[in-house]
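**Q** Dropping a structure here in structure tokens format, bear with me for questions.
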Amino acid sequence: MVKTLHYIILVLTGLISLSLIMPKPLPPEQMAPYLNGVFSKKPPGEVGSWDIEDAFPNVRIPSPLRMLPFPKSNDFLVLSKAGEIWRVNPESQEQELILDIKDRSFKMGEAGTTGMALHPKFGDTDAPDKQLIFVFYRYKPNPDVWNEKGYNRLSKFSWDSQTNRFDKNSEEVLIQQYDRITWHNGGGLFFGPDGFLYLSLGDEGGATHQAESTQRLDGGLFSGIIRIDIDNDLTKSHPIIRQPIHNEAPDNPNWPITFSQGYSIPNDNPWMSPDGSALEEFHSIGVRSPYSMHYDAEDDQIWVLDVGNDAREEVNHVDMGDNLQWPYFEGQKPSEVHFKPDQFIGNERIPVFDYDRSIGATVIAGGVYRNDKFPSLFGKYIMADFSFKKVMALTYKNVNEDPEVQTLIGD
């Protein structure tokens with residue numbers, strides 16, 4: 001027992017002595033952020049966990065603006081601001097130019113070819129006269145020369161089954177509206193479940209033109225959403241009664257006139273005018289620069305994004321007969337220059353959501369996500385801000401609850 005205890009004392013003494021002569025370990029160095037880069041810089045969850053990926057690296061299209069599925073195939077169409085429509089196969093990433101109107105589309109500034117919609121019966125073999133695409137673009141007789149003045153044009157083009165392209169020589173102009181400023185043209189375009197074509201139109205673009213181009217039904221086709229029957233079904237619609245006018249004649253007397261033709265007016269549009277005193281095309285009015293418009297079939301709801309002037313960006317729900325109140329309001333901020341008249345047109349409608357310059361300055365794109373690849377985004381309205389280079393998701397529940405907005409990409 002004495003020997004064992006003596007042995008233990010010797011071992012402990014040795015360990016203590018060894019510890020006195022061995023150098024002490026250095027304190028740990030300061031760690032770099034995110035555990036020396038092991039952890040992601042982005043927080044978990046929806047906010048900040050998204051990134052941008054080039055889904056089709058082999059596809060090359062100048063200034064792509066819109067996409068549409070191409071019926072009876074896995075292909076899709078891509079609209080180029082330059083005046084082109086491309087057919088793209090997502091598997092092979094092959095692309096084919098199927099409409100080229102660069103020879104008539106003015107492309108500079110905010111102008112260009114900005115809207116497209118296929119006829120609802122496109123691809124149906126039993127509807128040969130419905131193989132059409134509708135295109136909204138900025139037209140000028142000299143499209144390669146800079147000039148603020150031009151025309152907003154809605155046209156239709158026919159499909160050529162021999163070449164498998166749209167025939168640019170088949171163009172039928174439905175609306176040609178003289179517009180003094182290149183900016184705020186609009187271009188949201190879709191067919192509703194009623195079979196009618198909806199088109200969003202801007203306020204002509206000039207600060208001094210707002211009083212002439214907005215909040216009226218007896219001028220030109222500006223500052224609103226129009227709803228027209230391109231099939232001319234006289235059981236639901238009637239012929240055009242009043243022609244749009246320009247607010248000022250073109251400088252060049254050889255330039256063409258403002259006109260509308262080739263469609264009918266739905267009988268249930270909100271502002272009927274049998275005496276021709278007002279344009280009957282309007283579905284709703286009071287928008288500034290509604291480049292983006294989306295129809296969500298599941299909720300039967302039209303969404304319109306309206307780019308603001310210097311204060312607010314708007315996300316709107318729009319119903320028949322609504323007035324979104326530009327220029328009396330920018331978002332929910334009242335104007336200090338323009339005041340609501342006593343004879344107000346339509347139903348006063350405030351935005352679902354609007355935001356100031358601390359968040360962004362040019363609201364664009366947008367659509368309700370209805371797919372299962374990203375379940376956390378299902379039912380949310382996805383939108384972007386061009387100026388701040390960010391993507392956001394808006395969750396809307398009902399009119400009694402404020403929407404929730406999350407930034408998916410950007411600061």
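Residues are referred to by chain and number: the chain letter is A, B, ... according to the order shown in the structure tokens, the number counts from 1 in that chain, and ligands are numbered separately from 1 in the order shown.
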Which of range 93-327 of chain A counts as strand (DSSP E or B) under DSSP, as number ranges by chain please?
**A** A: 95-100, 105, 113-118, 132-139, 150-160, 165-179, 186-191, 197-201, 224-229, 237-239, 259-260, 264-266, 282-285, 292-296, 301-306, 313-318, 322-323
**Q** Could you take the residues named above and write them with C-alpha atoms, as a CSV table (one decimal), in the first residue's frame?
**A**
chain,number,residue,atom,x,y,z
A,95,GLN,CA,-33.9,29.7,-80.4
A,96,GLU,CA,-35.6,30.9,-83.6
A,97,LEU,CA,-36.7,34.4,-84.6
A,98,ILE,CA,-40.4,34.2,-85.5
A,99,LEU,CA,-41.3,37.9,-85.7
A,100,ASP,CA,-39.0,40.8,-86.6
A,105,SER,CA,-40.4,49.7,-83.8
A,113,THR,CA,-41.8,46.5,-78.2
A,114,THR,CA,-43.3,46.0,-74.7
A,115,GLY,CA,-46.3,43.7,-74.9
A,116,MET,CA,-47.5,40.5,-76.5
A,117,ALA,CA,-50.4,38.1,-76.1
A,118,LEU,CA,-51.5,35.0,-78.1
A,132,LEU,CA,-52.8,35.4,-84.1
A,133,ILE,CA,-50.4,37.3,-81.9
A,134,PHE,CA,-51.1,40.8,-80.5
A,135,VAL,CA,-48.2,43.1,-80.0
A,136,PHE,CA,-47.9,46.5,-78.4
A,137,TYR,CA,-45.0,48.7,-79.5
A,138,ARG,CA,-43.7,52.2,-80.1
A,139,TYR,CA,-44.0,53.1,-83.8
A,150,GLY,CA,-44.2,58.8,-81.9
A,151,TYR,CA,-47.2,56.5,-81.7
A,152,ASN,CA,-48.4,53.8,-79.3
A,153,ARG,CA,-49.5,50.9,-81.5
A,154,LEU,CA,-51.5,47.8,-80.9
A,155,SER,CA,-51.3,45.4,-83.8
A,156,LYS,CA,-52.1,41.8,-84.7
A,157,PHE,CA,-49.9,39.5,-86.8
A,158,SER,CA,-51.0,36.1,-88.4
A,159,TRP,CA,-49.1,32.8,-88.1
A,160,ASP,CA,-47.7,31.4,-91.4
A,165,ARG,CA,-43.4,32.1,-88.2
A,166,PHE,CA,-45.5,35.2,-87.8
A,167,ASP,CA,-45.8,37.1,-91.0
A,168,LYS,CA,-44.7,40.7,-90.4
A,169,ASN,CA,-46.4,41.8,-93.6
A,170,SER,CA,-49.8,40.6,-92.2
A,171,GLU,CA,-49.8,43.4,-89.6
A,172,GLU,CA,-53.3,44.9,-88.9
A,173,VAL,CA,-53.1,48.0,-86.8
A,174,LEU,CA,-55.9,48.1,-84.2
A,175,ILE,CA,-54.8,51.2,-82.3
A,176,GLN,CA,-52.5,54.0,-83.4
A,177,GLN,CA,-52.3,56.8,-80.8
A,178,TYR,CA,-50.1,59.8,-81.3
A,179,ASP,CA,-48.0,60.4,-78.2
A,186,GLY,CA,-47.5,50.9,-70.7
A,187,GLY,CA,-47.7,47.5,-72.5
A,188,GLY,CA,-49.2,45.0,-70.0
A,189,LEU,CA,-51.3,42.7,-72.3
A,190,PHE,CA,-53.4,39.6,-71.6
A,191,PHE,CA,-56.6,37.9,-72.5
A,197,LEU,CA,-58.1,41.7,-74.6
A,198,TYR,CA,-56.8,43.9,-71.8
A,199,LEU,CA,-54.0,46.5,-72.3
A,200,SER,CA,-52.4,48.9,-69.8
A,201,LEU,CA,-51.6,52.4,-71.1
A,224,GLY,CA,-55.8,53.5,-68.0
A,225,ILE,CA,-56.6,49.9,-68.8
A,226,ILE,CA,-58.7,49.2,-71.9
A,227,ARG,CA,-60.8,46.1,-72.5
A,228,ILE,CA,-61.7,45.3,-76.1
A,229,ASP,CA,-63.3,42.4,-78.1
A,237,SER,CA,-70.1,43.8,-78.0
A,238,HIS,CA,-70.9,46.7,-80.4
A,239,PRO,CA,-68.9,48.7,-83.0
A,259,PHE,CA,-57.2,56.0,-85.1
A,260,SER,CA,-58.7,52.8,-83.8
A,264,SER,CA,-65.6,46.0,-80.8
A,265,ILE,CA,-66.5,47.4,-77.4
A,266,PRO,CA,-67.8,45.0,-74.8
A,282,PHE,CA,-61.7,51.9,-70.8
A,283,HIS,CA,-62.0,49.3,-68.1
A,284,SER,CA,-60.3,51.5,-65.4
A,285,ILE,CA,-58.4,54.7,-65.3
A,292,SER,CA,-46.5,45.6,-65.7
A,293,MET,CA,-50.0,44.0,-65.5
A,294,HIS,CA,-50.8,40.4,-64.5
A,295,TYR,CA,-54.0,38.4,-64.3
A,296,ASP,CA,-54.2,35.7,-61.6
A,301,GLN,CA,-57.7,39.3,-59.9
A,302,ILE,CA,-55.9,41.8,-62.1
A,303,TRP,CA,-52.6,43.1,-60.6
A,304,VAL,CA,-51.1,46.4,-61.9
A,305,LEU,CA,-47.8,47.8,-61.0
A,306,ASP,CA,-47.6,51.6,-61.5
A,313,GLU,CA,-44.3,53.0,-56.2
A,314,GLU,CA,-47.7,51.2,-56.4
A,315,VAL,CA,-48.9,47.6,-56.3
A,316,ASN,CA,-52.6,47.6,-57.2
A,317,HIS,CA,-55.7,45.4,-57.5
A,318,VAL,CA,-57.9,46.7,-60.3
A,322,ASP,CA,-61.8,51.6,-60.7
A,323,ASN,CA,-59.9,54.9,-60.7
**Q** Using only C-alpha atoms, which residues sit within 12 Å of Val145 in chain A once same-chain residues fewer than 2 positions away are excluded, as a PyMOL selection string?
**A** chain A and resi 103-109+139-143+147-150
**Q** Would you please work out which residue, of A:Ile230, A:Ile240, A:Asp54, A:Arg66, is nearest to Gly367 in chain A when using only C-alpha atoms?
**A**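 Once distances to Gly367 in chain A are computed over only C-alpha atoms, the minimum belongs to A:Arg66.
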**Q** Excluding same-chain residues fewer than 4 positions from Arg288 in chain A, what lies within 6 Å of it counting only C-alpha atoms, as an mmCIF file with all heavy atoms, in the first residue's frame?
**A**
data_model
loop_
_atom_site.group_PDB
_atom_site.id
_atom_site.type_symbol
_atom_site.label_atom_id
_atom_site.label_comp_id
_atom_site.auth_asym_id
_atom_site.auth_seq_id
_atom_site.Cartn_x
_atom_site.Cartn_y
_atom_site.Cartn_z
ATOM 1 N N GLY A 202 -50.021 54.158 -70.462
ATOM 2 C CA GLY A 202 -49.482 55.204 -69.613
ATOM 3 C C GLY A 202 -50.059 56.572 -69.910
ATOM 4 O O GLY A 202 -50.948 56.735 -70.764
ATOM 5 N N ASP A 203 -49.525 57.588 -69.205
ATOM 6 C CA ASP A 203 -50.149 58.918 -69.193
ATOM 7 C C ASP A 203 -49.520 59.902 -70.181
ATOM 8 O O ASP A 203 -49.623 61.102 -70.008
ATOM 9 C CB ASP A 203 -50.102 59.498 -67.782
ATOM 10 C CG ASP A 203 -48.688 59.861 -67.328
ATOM 11 O OD1 ASP A 203 -47.718 59.528 -68.046
ATOM 12 O OD2 ASP A 203 -48.537 60.486 -66.266
ATOM 13 N N SER A 223 -53.474 56.548 -69.912
ATOM 14 C CA SER A 223 -53.668 56.539 -68.460
ATOM 15 C C SER A 223 -54.820 55.640 -68.010
ATOM 16 O O SER A 223 -55.667 56.039 -67.219
ATOM 17 C CB SER A 223 -53.903 57.970 -67.953
ATOM 18 O OG SER A 223 -53.904 58.010 -66.548
#
**Q** Residues within 6 Å of Leu394 in chain A, please, as a PyMOL selection string. Count only C-alpha atoms; anything in the same chain fewer than 6 positions from it doesn't count.
**A** chain A and resi 380-381+404-405
**Q** Please, what distance in Å, to one decimal, runs between CA of Ile85 in chain A and CA of Trp255 in chain A?
**A**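 About the pair CA of Ile85 in chain A and CA of Trp255 in chain A: they are 26.6 Å apart.
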**Q** Of the candidates A:Asp310, A:Asn267, A:Glu212, A:Ser161, which shows the shortest atom-to-atom distance to Gln131 in chain A, using only C-alpha atoms?
**A**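 With only C-alpha atoms as the atom set, the closest residue is A:Ser161.
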**Q** From the set A:Arg357, A:His209, A:Lys130, A:Arg87, which residue has the shortest atom-to-atom contact distance to Asn164 in chain A, counting only C-alpha atoms?
**A**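 Checking each candidate against Asn164 in chain A, we get A:Arg87 as the closest.
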**Q** Mind pulling up the distance from CA of Pro62 in chain A to CA of Leu79 in chain A?
**A**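 Between these atoms lies a distance of 9.2 Å.
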**Q** Select, from A:Glu53, A:Asp233, A:Asp411, A:Asp194, the residue with the minimum atom-to-atom distance to Ala297 in chain A, counting only C-alpha atoms.
**A**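 Closest to Ala297 in chain A, using only C-alpha atoms: A:Asp194.
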**Q** What is the distance, in Å and to one decimal place, between CA of Pro375 in chain A and CA of Asp51 in chain A?
**A**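 Interatomic distance, CA of Pro375 in chain A to CA of Asp51 in chain A: 16.3 Å.
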**Q** List the spatial neighbours of Asn89 in chain A as a PyMOL selection string - criterion: any atom at most 10 Å away, only C-alpha atoms, same-chain residues fewer than 4 positions off excluded.
**A** chain A and resi 56+59+70+73-77+93-96
**Q** Name the closest residue to Asn398 in chain A among the candidates A:Val352, A:Val363, A:Val368, A:Leu377; distances are taken between atoms, counting only C-alpha atoms.
**A**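 Once distances to Asn398 in chain A are computed over only C-alpha atoms, the minimum belongs to A:Val352.
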